[in-house]
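Participant: What follows is run05.tsv, TSV, C-alpha atoms and all ligand atoms.
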chain	number	residue	atom	x	y	z
N	79	MET	CA	13.52	-4.62	-19.49
N	80	THR	CA	9.86	-4.54	-18.48
N	81	ILE	CA	8.97	-2.03	-15.76
N	82	SER	CA	6.61	-3.79	-13.40
N	83	PHE	CA	3.74	-1.96	-11.70
N	84	TYR	CA	2.15	-5.27	-10.72
N	85	PRO	CA	0.99	-5.19	-7.08
N	86	GLY	CA	2.70	-8.49	-6.26
N	87	PRO	CA	4.88	-10.18	-7.23
N	88	SER	CA	6.25	-6.72	-7.82
N	89	ARG	CA	9.33	-4.86	-8.92
N	90	VAL	CA	12.27	-5.91	-6.75
N	91	HIS	CA	14.85	-3.49	-5.41
N	92	ASP	CA	17.63	-2.64	-7.84
N	93	ARG	CA	20.31	-4.12	-5.61
N	94	ILE	CA	18.76	-7.61	-5.41
N	95	PRO	CA	21.00	-9.12	-8.17
N	96	ALA	CA	24.12	-7.88	-6.33
N	97	TYR	CA	22.87	-9.29	-3.03
N	98	VAL	CA	22.15	-12.67	-4.63
N	99	LYS	CA	25.72	-12.71	-5.91
N	100	ASP	CA	27.02	-11.89	-2.43
N	101	ALA	CA	24.90	-14.69	-1.00
N	102	PHE	CA	26.41	-17.14	-3.45
N	103	ARG	CA	29.97	-15.96	-2.79
N	104	GLN	CA	29.50	-16.11	0.96
N	105	GLY	CA	28.10	-19.64	0.78
N	106	ILE	CA	24.70	-18.53	2.13
N	107	LEU	CA	22.85	-20.53	-0.54
N	108	SER	CA	23.83	-23.82	1.06
N	109	ILE	CA	24.10	-23.05	4.77
N	110	ASN	CA	22.39	-25.29	7.25
N	111	HIS	CA	19.34	-23.76	8.89
N	112	ARG	CA	20.52	-25.01	12.31
N	113	SER	CA	23.97	-23.43	11.95
N	114	ASP	CA	25.30	-20.46	13.91
N	115	THR	CA	25.61	-18.54	10.64
N	116	PHE	CA	21.90	-18.96	9.97
N	117	MET	CA	20.94	-18.05	13.53
N	118	GLU	CA	23.01	-14.86	13.28
N	119	ILE	CA	21.39	-13.88	9.98
N	120	SER	CA	17.94	-14.67	11.35
N	121	GLU	CA	18.45	-12.70	14.55
N	122	ARG	CA	19.92	-9.73	12.71
N	123	THR	CA	17.08	-9.73	10.15
N	124	ILE	CA	14.48	-9.63	12.92
N	125	ARG	CA	16.34	-6.91	14.80
N	126	LEU	CA	16.54	-4.77	11.64
N	127	LEU	CA	12.88	-5.42	10.82
N	128	LYS	CA	11.87	-4.25	14.28
N	129	GLU	CA	14.03	-1.12	14.04
N	130	ASN	CA	12.99	-0.17	10.53
N	131	LEU	CA	9.29	-0.95	10.74
N	132	ASP	CA	8.87	0.31	14.31
N	133	ILE	CA	7.73	-3.09	15.64
N	134	PRO	CA	7.52	-3.17	19.47
N	135	SER	CA	10.51	-5.02	20.95
N	136	ASP	CA	8.26	-7.40	22.91
N	137	TYR	CA	6.53	-8.65	19.72
N	138	THR	CA	7.72	-11.93	18.15
N	139	VAL	CA	8.52	-12.23	14.44
N	140	PHE	CA	8.09	-15.59	12.64
N	141	TYR	CA	9.12	-16.67	9.16
N	142	THR	CA	6.48	-18.40	7.04
N	143	SER	CA	6.32	-19.12	3.30
N	144	SER	CA	3.44	-16.85	2.28
N	145	ALA	CA	0.54	-14.76	3.52
N	146	THR	CA	-1.79	-17.58	2.52
N	147	GLU	CA	0.09	-19.85	4.91
N	148	CYS	CA	-0.45	-17.25	7.65
N	149	TRP	CA	-4.24	-17.43	7.07
N	150	GLU	CA	-4.06	-21.17	7.61
N	151	ILE	CA	-1.71	-20.97	10.60
N	152	ILE	CA	-4.12	-18.58	12.34
N	153	ALA	CA	-7.07	-20.88	11.58
N	154	GLN	CA	-5.32	-23.97	12.93
N	155	SER	CA	-3.31	-22.55	15.85
N	156	VAL	CA	-5.15	-19.46	17.10
N	157	VAL	CA	-8.90	-19.77	16.40
N	158	THR	CA	-10.70	-21.84	19.02
N	159	SER	CA	-14.29	-20.63	19.41
N	160	ALA	CA	-14.97	-18.30	16.50
N	161	SER	CA	-13.33	-16.06	13.93
N	162	HIS	CA	-14.96	-12.85	12.73
N	163	HIS	CA	-13.91	-11.70	9.28
N	164	ILE	CA	-14.41	-8.04	8.49
N	165	TYR	CA	-13.64	-7.43	4.81
N	166	ASN	CA	-14.68	-5.57	1.67
N	167	GLY	CA	-12.79	-7.41	-1.09
N	168	SER	CA	-11.40	-10.62	-2.56
N	169	PHE	CA	-8.42	-11.17	-0.24
N	170	GLY	CA	-10.46	-10.72	2.93
N	171	GLU	CA	-13.06	-13.05	1.49
N	172	LYS	CA	-10.43	-15.67	0.62
N	173	TRP	CA	-9.09	-15.51	4.17
N	174	PHE	CA	-12.65	-16.17	5.40
N	175	ASP	CA	-13.07	-19.05	2.89
N	176	TYR	CA	-9.84	-20.78	3.96
N	177	THR	CA	-10.68	-20.39	7.63
N	178	LYS	CA	-14.20	-21.72	7.12
N	179	ARG	CA	-12.79	-25.01	5.82
N	180	ILE	CA	-10.84	-25.50	9.05
N	181	CYS	CA	-13.08	-23.78	11.61
N	182	ALA	CA	-16.82	-24.29	11.57
N	183	ASN	CA	-17.40	-21.02	13.43
N	184	ALA	CA	-15.93	-18.60	10.94
N	185	GLU	CA	-18.28	-15.66	10.37
N	186	ALA	CA	-18.25	-13.21	7.47
N	187	HIS	CA	-18.93	-9.51	8.07
N	188	PRO	CA	-18.58	-7.92	4.66
N	189	PHE	CA	-18.78	-4.16	4.20
N	190	SER	CA	-18.89	-1.99	1.11
N	191	MET	CA	-15.72	-0.76	-0.56
N	192	GLU	CA	-16.91	2.87	-0.44
N	193	GLU	CA	-17.57	2.62	3.31
N	194	VAL	CA	-15.29	3.93	6.07
N	195	LEU	CA	-15.10	1.06	8.55
N	196	SER	CA	-16.69	2.09	11.82
N	197	ALA	CA	-15.36	0.41	14.97
N	198	GLY	CA	-18.66	1.03	16.78
N	199	ALA	CA	-20.52	-1.24	14.35
N	200	TYR	CA	-18.92	-4.39	15.78
N	201	HIS	CA	-19.74	-6.07	19.07
N	202	PHE	CA	-18.81	-9.73	19.14
N	203	ALA	CA	-20.46	-11.52	22.01
N	204	ASP	CA	-18.27	-14.65	22.19
N	205	ASN	CA	-15.51	-14.52	24.73
N	206	ASN	CA	-12.21	-15.31	23.07
N	207	GLY	CA	-12.62	-15.25	19.32
N	208	VAL	CA	-10.28	-13.89	16.70
N	209	ILE	CA	-11.20	-10.76	14.74
N	210	CYS	CA	-9.69	-10.84	11.24
N	211	ILE	CA	-9.20	-7.62	9.29
N	212	THR	CA	-7.53	-7.00	5.93
N	213	GLN	CA	-5.78	-3.66	6.47
N	214	ASN	CA	-4.96	-3.09	2.81
N	215	GLU	CA	-7.30	-4.79	0.33
N	216	THR	CA	-5.13	-5.37	-2.73
N	217	SER	CA	-8.07	-6.35	-4.96
N	218	ASN	CA	-9.91	-3.01	-4.80
N	219	GLY	CA	-7.27	-0.56	-3.51
N	220	THR	CA	-8.88	0.33	-0.21
N	221	GLN	CA	-7.50	0.37	3.33
N	222	VAL	CA	-8.74	0.28	6.89
N	223	ASN	CA	-7.44	2.98	9.23
N	224	VAL	CA	-5.10	1.41	11.78
N	225	GLN	CA	-6.62	3.54	14.56
N	226	THR	CA	-9.99	1.95	13.81
N	227	ILE	CA	-8.37	-1.48	14.17
N	228	GLY	CA	-6.98	-0.34	17.55
N	229	THR	CA	-10.44	0.78	18.66
N	230	ILE	CA	-11.97	-2.57	17.66
N	231	ARG	CA	-9.25	-4.25	19.72
N	232	ARG	CA	-9.89	-2.05	22.77
N	233	ASN	CA	-13.63	-2.79	22.47
N	234	HIS	CA	-12.87	-6.53	22.57
N	235	PRO	CA	-10.34	-7.03	25.37
N	236	ASN	CA	-10.69	-10.84	25.35
N	237	HIS	CA	-10.39	-11.27	21.60
N	238	LEU	CA	-7.27	-11.35	19.49
N	239	VAL	CA	-7.14	-9.09	16.45
N	240	ALA	CA	-5.32	-10.48	13.38
N	241	VAL	CA	-4.42	-8.20	10.48
N	242	ASP	CA	-3.51	-9.00	6.89
N	243	ALA	CA	-1.10	-6.22	5.91
N	244	THR	CA	0.40	-8.07	2.95
N	245	SER	CA	0.35	-5.13	0.56
N	246	SER	CA	1.05	-2.33	3.06
N	247	MET	CA	3.69	-3.61	5.50
N	248	ALA	CA	7.05	-1.92	4.73
N	249	GLY	CA	5.19	0.63	2.59
N	250	ILE	CA	3.32	2.60	5.25
N	251	HIS	CA	3.81	3.07	8.98
N	252	LEU	CA	1.70	0.61	10.96
N	253	ASP	CA	1.04	0.95	14.67
N	254	PHE	CA	1.65	-2.68	15.59
N	255	ARG	CA	0.21	-2.13	19.08
N	256	ALA	CA	-3.23	-1.78	17.47
N	257	ALA	CA	-3.45	-5.56	16.92
N	258	ASP	CA	-2.09	-8.91	18.11
N	259	ILE	CA	-1.14	-10.70	14.91
N	260	TRP	CA	0.13	-9.05	11.73
N	261	PHE	CA	1.34	-10.74	8.58
N	262	ALA	CA	2.62	-10.04	5.08
N	263	SER	CA	4.60	-11.66	2.31
N	264	VAL	CA	7.72	-10.04	0.94
N	265	GLN	CA	6.86	-9.84	-2.80
N	266	LYS	CA	4.77	-6.68	-2.28
N	267	CYS	CA	6.05	-3.58	-0.45
N	268	PHE	CA	9.29	-5.24	0.67
N	269	GLY	CA	10.43	-5.40	-2.98
N	270	LEU	CA	11.78	-8.95	-2.67
N	271	PRO	CA	11.18	-12.12	-4.69
N	272	ALA	CA	8.22	-14.28	-3.61
N	273	GLY	CA	8.51	-17.20	-1.22
N	274	LEU	CA	8.76	-15.70	2.26
N	275	GLY	CA	6.07	-14.54	4.66
N	276	LEU	CA	6.33	-12.75	8.01
N	277	MET	CA	4.06	-13.13	10.97
N	278	ILE	CA	4.33	-10.73	13.90
N	279	CYS	CA	2.71	-11.57	17.25
N	280	SER	CA	2.04	-9.54	20.39
N	281	PRO	CA	2.87	-10.95	23.84
N	282	ARG	CA	-0.88	-11.50	24.32
N	283	ALA	CA	-1.00	-13.58	21.14
N	284	ILE	CA	2.00	-15.64	22.29
N	285	ASP	CA	0.32	-16.30	25.65
N	286	ARG	CA	-2.82	-17.45	23.85
N	287	ILE	CA	-0.84	-19.68	21.46
N	288	LYS	CA	0.89	-21.37	24.42
N	289	GLU	CA	-2.41	-21.82	26.24
N	290	ILE	CA	-4.00	-23.46	23.17
N	291	GLY	CA	-0.86	-25.54	22.58
N	292	GLU	CA	-1.86	-26.75	19.11
N	293	ARG	CA	0.83	-29.13	17.79
N	294	ASN	CA	-0.79	-31.05	14.94
N	295	HIS	CA	0.96	-29.39	12.01
N	296	TYR	CA	4.51	-28.80	10.84
N	297	ASN	CA	3.73	-25.09	11.04
N	298	SER	CA	1.82	-25.09	14.32
N	299	LEU	CA	2.53	-21.80	16.03
N	300	THR	CA	3.49	-23.63	19.20
N	301	PHE	CA	6.41	-25.28	17.32
N	302	MET	CA	7.25	-22.09	15.50
N	303	ASN	CA	7.45	-20.29	18.84
N	304	ASP	CA	9.62	-23.01	20.41
N	305	MET	CA	12.03	-22.90	17.47
N	306	MET	CA	12.12	-19.09	17.35
N	307	GLN	CA	13.74	-19.09	20.81
N	308	LYS	CA	16.86	-20.03	18.81
N	309	TRP	CA	15.97	-17.86	15.77
N	310	GLN	CA	14.98	-21.00	13.87
N	311	THR	CA	11.96	-22.51	12.12
N	312	PRO	CA	10.55	-26.07	12.36
N	313	PHE	CA	11.11	-26.54	8.59
N	314	THR	CA	13.94	-25.43	6.29
N	315	PRO	CA	13.09	-21.80	5.60
N	316	ASN	CA	13.79	-19.66	2.55
N	317	VAL	CA	17.31	-18.83	3.70
N	318	LEU	CA	18.19	-16.84	0.58
N	319	ASN	CA	15.13	-14.62	0.96
N	320	ILE	CA	15.81	-14.08	4.67
N	321	TYR	CA	19.34	-13.02	3.73
N	322	LEU	CA	17.98	-10.67	1.03
N	323	LEU	CA	15.53	-9.23	3.53
N	324	MET	CA	18.42	-8.59	5.92
N	325	ARG	CA	20.36	-6.78	3.20
N	326	VAL	CA	17.36	-4.71	2.10
N	327	MET	CA	16.58	-3.79	5.72
N	328	THR	CA	20.22	-2.78	6.29
N	329	ASP	CA	19.91	-0.25	3.46
N	330	SER	CA	16.35	0.93	3.79
N	331	LYS	CA	15.14	4.16	5.29
N	332	PRO	CA	13.04	4.22	8.47
N	333	ILE	CA	9.39	3.49	7.80
N	334	SER	CA	8.25	7.02	8.71
N	335	GLN	CA	10.29	8.35	5.80
N	336	VAL	CA	9.10	5.62	3.39
N	337	HIS	CA	5.53	6.36	4.51
N	338	ARG	CA	5.87	10.04	3.56
N	339	THR	CA	7.24	9.15	0.11
N	340	ILE	CA	4.43	6.67	-0.54
N	341	LYS	CA	1.74	9.16	0.53
N	342	ARG	CA	3.24	11.91	-1.60
N	343	ARG	CA	3.33	9.62	-4.63
N	344	TYR	CA	-0.25	8.52	-3.98
N	345	ALA	CA	-1.31	12.19	-3.92
N	346	ARG	CA	0.49	12.78	-7.21
N	347	TRP	CA	-1.22	9.77	-8.76
N	348	MET	CA	-4.57	11.15	-7.61
N	349	SER	CA	-4.01	14.58	-9.11
N	350	PHE	CA	-2.88	12.89	-12.31
N	351	LEU	CA	-6.03	10.73	-12.42
N	352	GLU	CA	-8.26	13.70	-11.64
N	353	SER	CA	-6.84	15.46	-14.68
N	354	ARG	CA	-7.82	12.55	-16.99
N	355	ALA	CA	-11.20	12.14	-18.65
N	356	SER	CA	-11.12	8.48	-19.67
N	357	ILE	CA	-9.66	6.84	-16.55
N	358	ARG	CA	-10.42	7.27	-12.83
N	359	HIS	CA	-9.79	5.65	-9.46
N	360	LEU	CA	-12.17	2.70	-8.99
N	361	VAL	CA	-13.26	3.95	-5.56
N	362	ALA	CA	-15.00	7.33	-5.31
N	363	ASN	CA	-14.47	7.80	-1.57
N	364	LYS	CA	-10.90	9.08	-1.16
N	365	GLU	CA	-11.05	8.50	2.60
N	366	VAL	CA	-10.75	4.75	2.10
N	367	HIS	CA	-8.09	4.75	-0.62
N	368	SER	CA	-5.06	2.56	-0.17
N	369	TRP	CA	-1.81	4.47	-0.54
N	370	THR	CA	0.09	1.49	-1.93
N	371	VAL	CA	-2.29	0.05	-4.56
N	372	LEU	CA	-4.28	2.11	-7.07
N	373	PRO	CA	-7.05	0.40	-9.03
N	374	ILE	CA	-7.82	2.38	-12.19
N	375	ALA	CA	-11.25	2.05	-13.76
N	376	ALA	CA	-12.31	2.73	-17.36
N	377	GLU	CA	-14.58	1.31	-20.03
N	378	PRO	CA	-13.54	-2.33	-20.66
N	379	GLU	CA	-12.61	-1.46	-24.25
N	380	MET	CA	-10.37	1.37	-22.98
N	381	VAL	CA	-8.79	-0.93	-20.36
N	382	ALA	CA	-7.94	-3.42	-23.11
N	383	ARG	CA	-6.35	-0.68	-25.26
N	384	ILE	CA	-4.31	0.70	-22.36
N	385	LYS	CA	-3.06	-2.76	-21.44
N	386	ALA	CA	-2.01	-3.46	-25.03
N	387	GLU	CA	-0.19	-0.13	-25.29
N	388	ALA	CA	1.50	-0.67	-21.90
N	389	LYS	CA	2.72	-4.06	-23.03
N	390	SER	CA	4.20	-2.72	-26.24
N	391	LYS	CA	5.96	0.10	-24.32
N	392	GLY	CA	7.46	-2.29	-21.76
N	393	PHE	CA	5.20	-1.65	-18.76
N	394	LEU	CA	3.59	-4.45	-16.79
N	395	LEU	CA	0.30	-3.28	-15.25
N	396	GLY	CA	-1.60	-5.23	-12.60
N	397	GLU	CA	-4.63	-7.09	-13.91
N	398	GLY	CA	-8.00	-6.12	-12.47
N	399	TYR	CA	-8.92	-8.54	-9.68
N	400	GLY	CA	-11.99	-10.76	-9.50
N	401	LYS	CA	-15.14	-9.03	-10.66
N	402	PHE	CA	-13.14	-5.95	-11.70
N	403	LYS	CA	-11.02	-7.91	-14.16
N	404	GLU	CA	-12.38	-6.31	-17.33
N	405	SER	CA	-13.05	-2.83	-16.04
N	406	THR	CA	-9.87	-2.02	-14.11
N	407	PHE	CA	-6.14	-2.37	-14.03
N	408	ARG	CA	-4.01	-1.90	-10.93
N	409	ILE	CA	-0.88	0.11	-10.27
N	410	ALA	CA	1.42	-0.66	-7.38
N	411	ASN	CA	2.78	2.31	-5.46
N	412	PHE	CA	5.49	0.31	-3.70
N	413	PRO	CA	8.80	1.69	-2.39
N	414	ALA	CA	11.01	-0.13	-4.94
N	415	ILE	CA	9.36	1.70	-7.85
N	416	ARG	CA	11.33	4.73	-9.00
N	417	ASN	CA	9.94	8.22	-9.63
N	418	ILE	CA	11.23	8.21	-13.20
N	419	GLU	CA	9.28	5.01	-13.88
N	420	ILE	CA	6.09	6.60	-12.57
N	421	ARG	CA	6.65	9.64	-14.80
N	422	LYS	CA	7.15	7.39	-17.83
N	423	LEU	CA	3.96	5.46	-17.14
N	424	GLN	CA	1.98	8.69	-16.68
N	425	GLU	CA	3.42	9.98	-19.94
N	426	MET	CA	2.11	6.86	-21.68
N	427	LEU	CA	-1.31	7.12	-20.00
N	428	LYS	CA	-1.70	10.71	-21.19
N	429	ALA	CA	-2.35	9.41	-24.69
N	430	PHE	CA	-5.70	8.01	-23.58
Y	1	LIG	C1	-0.98	-10.98	-2.11
Y	1	LIG	C2	-1.89	-11.04	-0.95
Y	1	LIG	C3	-2.11	-12.23	-0.23
Y	1	LIG	C4	-1.50	-13.53	-0.65
Y	1	LIG	O1	-0.11	-13.51	-0.51
Y	1	LIG	P1	0.73	-14.86	-0.82
Y	1	LIG	O2	2.11	-14.48	-0.46
Y	1	LIG	O3	0.54	-15.12	-2.29
Y	1	LIG	O4	0.16	-15.94	-0.02
Y	1	LIG	C5	-2.91	-12.19	0.87
Y	1	LIG	N1	-3.52	-11.05	1.27
Y	1	LIG	C6	-3.34	-9.89	0.61
Y	1	LIG	C7	-4.03	-8.66	1.11
Y	1	LIG	C8	-2.52	-9.84	-0.52
Y	1	LIG	O5	-2.34	-8.69	-1.16
Take the structure from the file and write it as structure tokens.
Ligand SMILES: *Cc1c(COP(=O)(O)O)cnc(C)c1O

Facilitator:
Amino acid sequence: MTISFYPGPSRVHDRIPAYVKDAFRQGILSINHRSDTFMEISERTIRLLKENLDIPSDYTVFYTSSATECWEIIAQSVVTSASHHIYNGSFGEKWFDYTKRICANAEAHPFSMEEVLSAGAYHFADNNGVICITQNETSNGTQVNVQTIGTIRRNHPNHLVAVDATSSMAGIHLDFRAADIWFASVQKCFGLPAGLGLMICSPRAIDRIKEIGERNHYNSLTFMNDMMQKWQTPFTPNVLNIYLLMRVMTDSKPISQVHRTIKRRYARWMSFLESRASIRHLVANKEVHSWTVLPIAAEPEMVARIKAEAKSKGFLLGEGYGKFKESTFRIANFPAIRNIEIRKLQEMLKAF
């Protein structure tokens, strides 16, 4: 079987096939999403998520279908005056592009991928805009310090801060109090199949959503919030994936422990890369490195050879993203990946 290092959709947890079987046996695959059984699963999943990921109890968790849907939900239900997009890579830029189509006052504030984001550089003069930050940029393997996000939020008491944590949530510890809206999809660090997104809102965000009262879409946050009072969604959700999430959360370690493992593995990857002559981390500044996604740069000819060898040895590497397509490949450092698999991949890479 192929060992996937793709940073999403990524390797799923080993126990997923067994859980799918359980779901079938227990009749979960055909339960009604208004039934008591569903509401119990939904409530339990959210309780476990909050416990495991250290999400404040007064925050609200919503089920969506993807992170992309979350971009659109924020644009339609939360942005009124302006949205300010602070990003250094393709996913942050896409979020800006999608928002721009819905909201005329979306503004781009790109920064360089070698740059440590400085909270002091941003002063948005409008009164109640939304500040949009990609915490972990999957395209170039960089991350924004969560404390910096918290400082930006404190400097803008009337704004809401929304954070795309698609490729870091459930991989590293996030201080959810540092922002108002967080979202992710489960095919990255959660180690689940694609087709489910999570959106996590602070009490301040919920107040704002109610005040705006946007109800023009099936996934308007106002509806989502009304339905969540009964642990439900306005549409039929991905019940199987919610069940799988519940099972994975029942078994998983607290996020502080997962965080330590991920950081230790990142450090090992870095010392491995530093010992190689032909490959290196795409980003020179270690201070901004993501701990969950490693983009590896080499000569395009070398990248092609490594990819071919990986394929023949049964490894799936992440393609380089956007403008880095030819000159990089990416390696996920997600919790579901096993140490032995990392050792095997490093063994293969040593030949180059
Ligand atoms: C993968 C990814 C997305 C898109 O996720 P979907 O579930 O495909 O919508 C958005 N943002 C980031 C940072 C990602 O890594």

Participant: Per residue of chain N within 9 Å of ligand LIG 1 (chain Y), note the shortest atom pair and the distance in Å to one decimal, counting only C-alpha atoms and all ligand atoms, and order the rows by chain and increasing residue number, as a tab-separated table.

Facilitator:
residue	atom	partner	partner_atom	distance
N:Pro85	CA	Y:LIG1	O5	7.6
N:Gly86	CA	Y:LIG1	C1	6.1
N:Pro87	CA	Y:LIG1	C1	7.8
N:Ser143	CA	Y:LIG1	O2	7.3
N:Ser144	CA	Y:LIG1	O2	3.9
N:Ala145	CA	Y:LIG1	O4	3.8
N:Thr146	CA	Y:LIG1	O4	3.6
N:Glu147	CA	Y:LIG1	O4	6.3
N:Cys148	CA	Y:LIG1	O4	7.8
N:Trp149	CA	Y:LIG1	C5	8.2
N:Ser168	CA	Y:LIG1	C7	8.5
N:Phe169	CA	Y:LIG1	N1	5.1
N:Gly170	CA	Y:LIG1	C7	7.0
N:Lys172	CA	Y:LIG1	C5	8.3
N:Trp173	CA	Y:LIG1	N1	7.7
N:Thr212	CA	Y:LIG1	C7	6.2
N:Gln213	CA	Y:LIG1	C7	7.5
N:Asn214	CA	Y:LIG1	C7	5.9
N:Glu215	CA	Y:LIG1	C7	5.1
N:Thr216	CA	Y:LIG1	O5	4.6
N:Ser217	CA	Y:LIG1	O5	7.3
N:Asp242	CA	Y:LIG1	C7	5.8
N:Ala243	CA	Y:LIG1	C7	6.1
N:Thr244	CA	Y:LIG1	C6	4.8
N:Ser245	CA	Y:LIG1	O5	4.8
N:Ser246	CA	Y:LIG1	C7	8.3
N:Phe261	CA	Y:LIG1	N1	8.8
N:Ala262	CA	Y:LIG1	O2	7.1
N:Ser263	CA	Y:LIG1	O2	4.7
N:Val264	CA	Y:LIG1	O2	7.3
N:Gln265	CA	Y:LIG1	O2	7.0
N:Lys266	CA	Y:LIG1	C1	7.2
N:Ala272	CA	Y:LIG1	O2	6.9
N:Gly273	CA	Y:LIG1	O2	7.0
N:Leu274	CA	Y:LIG1	O2	7.3
N:Gly275	CA	Y:LIG1	O2	6.5

Participant: Which is closest to N:Phe254 among N:Val157, N:Cys267, N:Leu131, N:Ile151, if we use all atoms listed in the file?

Facilitator: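 Closest to N:Phe254, using all atoms listed in the file: N:Leu131.
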
Participant: Set the distance at 10 Å and use all atoms listed in the file: which residues neighbour stretch 92-94 of chain N once local chain neighbours fewer than 4 positions away are removed? I'd like the list as a PyMOL selection string.

Facilitator: chain N and resi 98-100+269-271+322-323+325-326+329+414-416

Participant: Taking (-14.6, 3.5, -1.4) in the coordinates of the supplied file, I want to know which residues reach to within 7 Å of it, counting all atoms listed in the file; could you give the answer as a list of chain:residue names?

Facilitator: N:Met191, N:Glu192, N:Glu193, N:Thr220, N:Val361, N:Ala362, N:Asn363, N:Lys364, N:Val366, N:His367

Participant: Counting all atoms listed in the file, figure out which residue out of N:Ile106, N:Ile340, N:Leu351, N:Leu427 gets nearest to N:Glu387.

Facilitator: N:Leu427

Participant: Counting all atoms listed in the file, which residue out of N:Gln310, N:Asn411, N:Asn303, N:Asn319 sits closest to N:Ile250?

Facilitator: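 Between N:Gln310, N:Asn411, N:Asn303, N:Asn319, the residue approaching N:Ile250 most closely is N:Asn411.
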
Participant: What's the separation between atom CA of N:Ala182 and atom CA of N:Asp304, in Å to one decimal place?

Facilitator: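 Separation of atom CA of N:Ala182 and atom CA of N:Asp304: 27.9 Å.
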
Participant: I'd like the interatomic distance between atom CA of N:Ala248 and atom CA of N:Ser88, to a tenth of an Å.

Facilitator: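 Between these atoms lies a distance of 13.5 Å.
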
Participant: Would you write out, as a tab-separated table, a table of all residues in stretch 311-375 of chain N that have an atom no more than 10 Å from an atom of stretch 390-397 of chain N, listing for each the closest atom pair and the distance in Å to one decimal, considering all atoms listed in the file and ordering rows by chain and rising residue number?

Facilitator:
residue	atom	partner	partner_atom	distance
N:Val371	CA	N:Gly396	CA	9.6
N:Leu372	CA	N:Gly396	CA	9.6
N:Pro373	CA	N:Gly396	CA	8.6
N:Ile374	CA	N:Gly396	CA	9.8

Participant: Between N:Ile133, N:Ile209, N:Val90, N:Ile418, which residue has the minimum interatomic distance to N:Met247, considering only C-alpha atoms?

Facilitator: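 Answer, going by the shortest atom-to-atom distance: N:Ile133.
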
Participant: Using all atoms listed in the file, can you tell me which of N:Ala153, N:Ile357, N:Ala388, N:Ile180 comes closest to N:Ala376?

Facilitator: N:Ile357

Participant: Is it possible to add N, CA, C and O atoms to stretch 170-180 of chain N and hand it back as a PDB file, in the coordinates of the input?

Facilitator:
ATOM      1  N   GLY N 170      -9.780 -10.483   1.652  1.00  0.00           N
ATOM      2  CA  GLY N 170     -10.460 -10.720   2.930  1.00  0.00           C
ATOM      3  C   GLY N 170     -11.428 -11.877   2.844  1.00  0.00           C
ATOM      4  O   GLY N 170     -11.544 -12.693   3.764  1.00  0.00           O
ATOM      5  N   GLU N 171     -12.096 -11.966   1.699  1.00  0.00           N
ATOM      6  CA  GLU N 171     -13.060 -13.050   1.490  1.00  0.00           C
ATOM      7  C   GLU N 171     -12.362 -14.414   1.407  1.00  0.00           C
ATOM      8  O   GLU N 171     -12.820 -15.410   1.959  1.00  0.00           O
ATOM      9  N   LYS N 172     -11.206 -14.428   0.713  1.00  0.00           N
ATOM     10  CA  LYS N 172     -10.430 -15.670   0.620  1.00  0.00           C
ATOM     11  C   LYS N 172      -9.974 -16.135   2.001  1.00  0.00           C
ATOM     12  O   LYS N 172      -9.978 -17.320   2.306  1.00  0.00           O
ATOM     13  N   TRP N 173      -9.535 -15.184   2.805  1.00  0.00           N
ATOM     14  CA  TRP N 173      -9.090 -15.510   4.170  1.00  0.00           C
ATOM     15  C   TRP N 173     -10.259 -16.181   4.920  1.00  0.00           C
ATOM     16  O   TRP N 173     -10.086 -17.225   5.550  1.00  0.00           O
ATOM     17  N   PHE N 174     -11.453 -15.579   4.781  1.00  0.00           N
ATOM     18  CA  PHE N 174     -12.650 -16.170   5.400  1.00  0.00           C
ATOM     19  C   PHE N 174     -12.888 -17.584   4.852  1.00  0.00           C
ATOM     20  O   PHE N 174     -13.115 -18.532   5.617  1.00  0.00           O
ATOM     21  N   ASP N 175     -12.810 -17.740   3.521  1.00  0.00           N
ATOM     22  CA  ASP N 175     -13.070 -19.050   2.890  1.00  0.00           C
ATOM     23  C   ASP N 175     -12.104 -20.132   3.394  1.00  0.00           C
ATOM     24  O   ASP N 175     -12.519 -21.241   3.715  1.00  0.00           O
ATOM     25  N   TYR N 176     -10.829 -19.793   3.467  1.00  0.00           N
ATOM     26  CA  TYR N 176      -9.840 -20.780   3.960  1.00  0.00           C
ATOM     27  C   TYR N 176     -10.115 -21.144   5.409  1.00  0.00           C
ATOM     28  O   TYR N 176     -10.011 -22.309   5.801  1.00  0.00           O
ATOM     29  N   THR N 177     -10.451 -20.143   6.210  1.00  0.00           N
ATOM     30  CA  THR N 177     -10.680 -20.390   7.630  1.00  0.00           C
ATOM     31  C   THR N 177     -11.906 -21.268   7.822  1.00  0.00           C
ATOM     32  O   THR N 177     -11.904 -22.201   8.634  1.00  0.00           O
ATOM     33  N   LYS N 178     -12.934 -20.990   7.033  1.00  0.00           N
ATOM     34  CA  LYS N 178     -14.200 -21.720   7.120  1.00  0.00           C
ATOM     35  C   LYS N 178     -13.990 -23.233   6.933  1.00  0.00           C
ATOM     36  O   LYS N 178     -14.665 -24.048   7.546  1.00  0.00           O
ATOM     37  N   ARG N 179     -13.036 -23.582   6.057  1.00  0.00           N
ATOM     38  CA  ARG N 179     -12.790 -25.010   5.820  1.00  0.00           C
ATOM     39  C   ARG N 179     -12.187 -25.691   7.034  1.00  0.00           C
ATOM     40  O   ARG N 179     -12.308 -26.892   7.214  1.00  0.00           O
ATOM     41  N   ILE N 180     -11.502 -24.910   7.870  1.00  0.00           N
ATOM     42  CA  ILE N 180     -10.840 -25.500   9.050  1.00  0.00           C
ATOM     43  C   ILE N 180     -11.674 -25.279  10.309  1.00  0.00           C
ATOM     44  O   ILE N 180     -11.729 -26.141  11.175  1.00  0.00           O
TER      45      ILE N 180
END
